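Below is one structure, written out as structure tokens; comments come after it.
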Amino acid sequence: MSTEFRACHTSRVPATKTRRDISYPLSFRVPLSQVEEIDAAVFRERRKRRSDLLEAIWEVAWTNYQRSGSLQSYAEGWRTPKRTRRVSEELKEQLYTALETILERAPSALIEEVARKLTQWAGRFGNEK
């Protein structure tokens with residue numbers, strides 16, 4: 001068996017490199033207005049090239065997409081709850097729905113109180129493993 005594998009149709013990559021170490025160029029189209037915004041962001045974010053900025057954006061977006069579990073969930077800003085033995089998926093979904101309803105409809109004083117309480121609980125339970 002060979003110690004090399006093909007990363008793309010034209011080159012060989014030593015087997016010592018993992019798939020995570022290999023960058024593969026992709027190409028896609030964006031509207032001209034977004035290119036102008038990207039160029040402004042390149043300057044603002046102090047990057048040398050568009051590709052430097054878009055690579056960083058891609059890494060964040062890809063991670064968030066994977067956490068979401070589907071394109072629809074990602075587009076709607078939802079994360080698919082991780083499966084745990086402690087809490088059922090149904091209960092987690094009820095909590096997400098309740099929180100979303102509160103954020104959309106409750107008075108700001110109640111939202112502030114919920115934020116304080118959740119932050120307090122997160123600090124209390126956040127570091128436990």
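FYI, nothing fancy with the structure tokens labels: chains A, B, ... in order, residues from 1 per chain, ligands from 1 as they appear.
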Spatial neighbours of Ser51 of chain A, 12 Å, only C-alpha atoms, chain gap at least 2 places, as a PyMOL selection string: chain A and resi 25-28+35+38-39+41-42+47-49+53-58
Residue with smallest distance to Glu100 of chain A - pool A:Gln66, A:Gly77, A:Glu36, A:Gln120, counting only C-alpha atoms: A:Gly77
Residue list (alpha helix (DSSP H), DSSP) for segment 8-105 of chain A, as a VMD selection string: chain A and resid 32 to 44 50 to 68 71 to 76 89 to 105
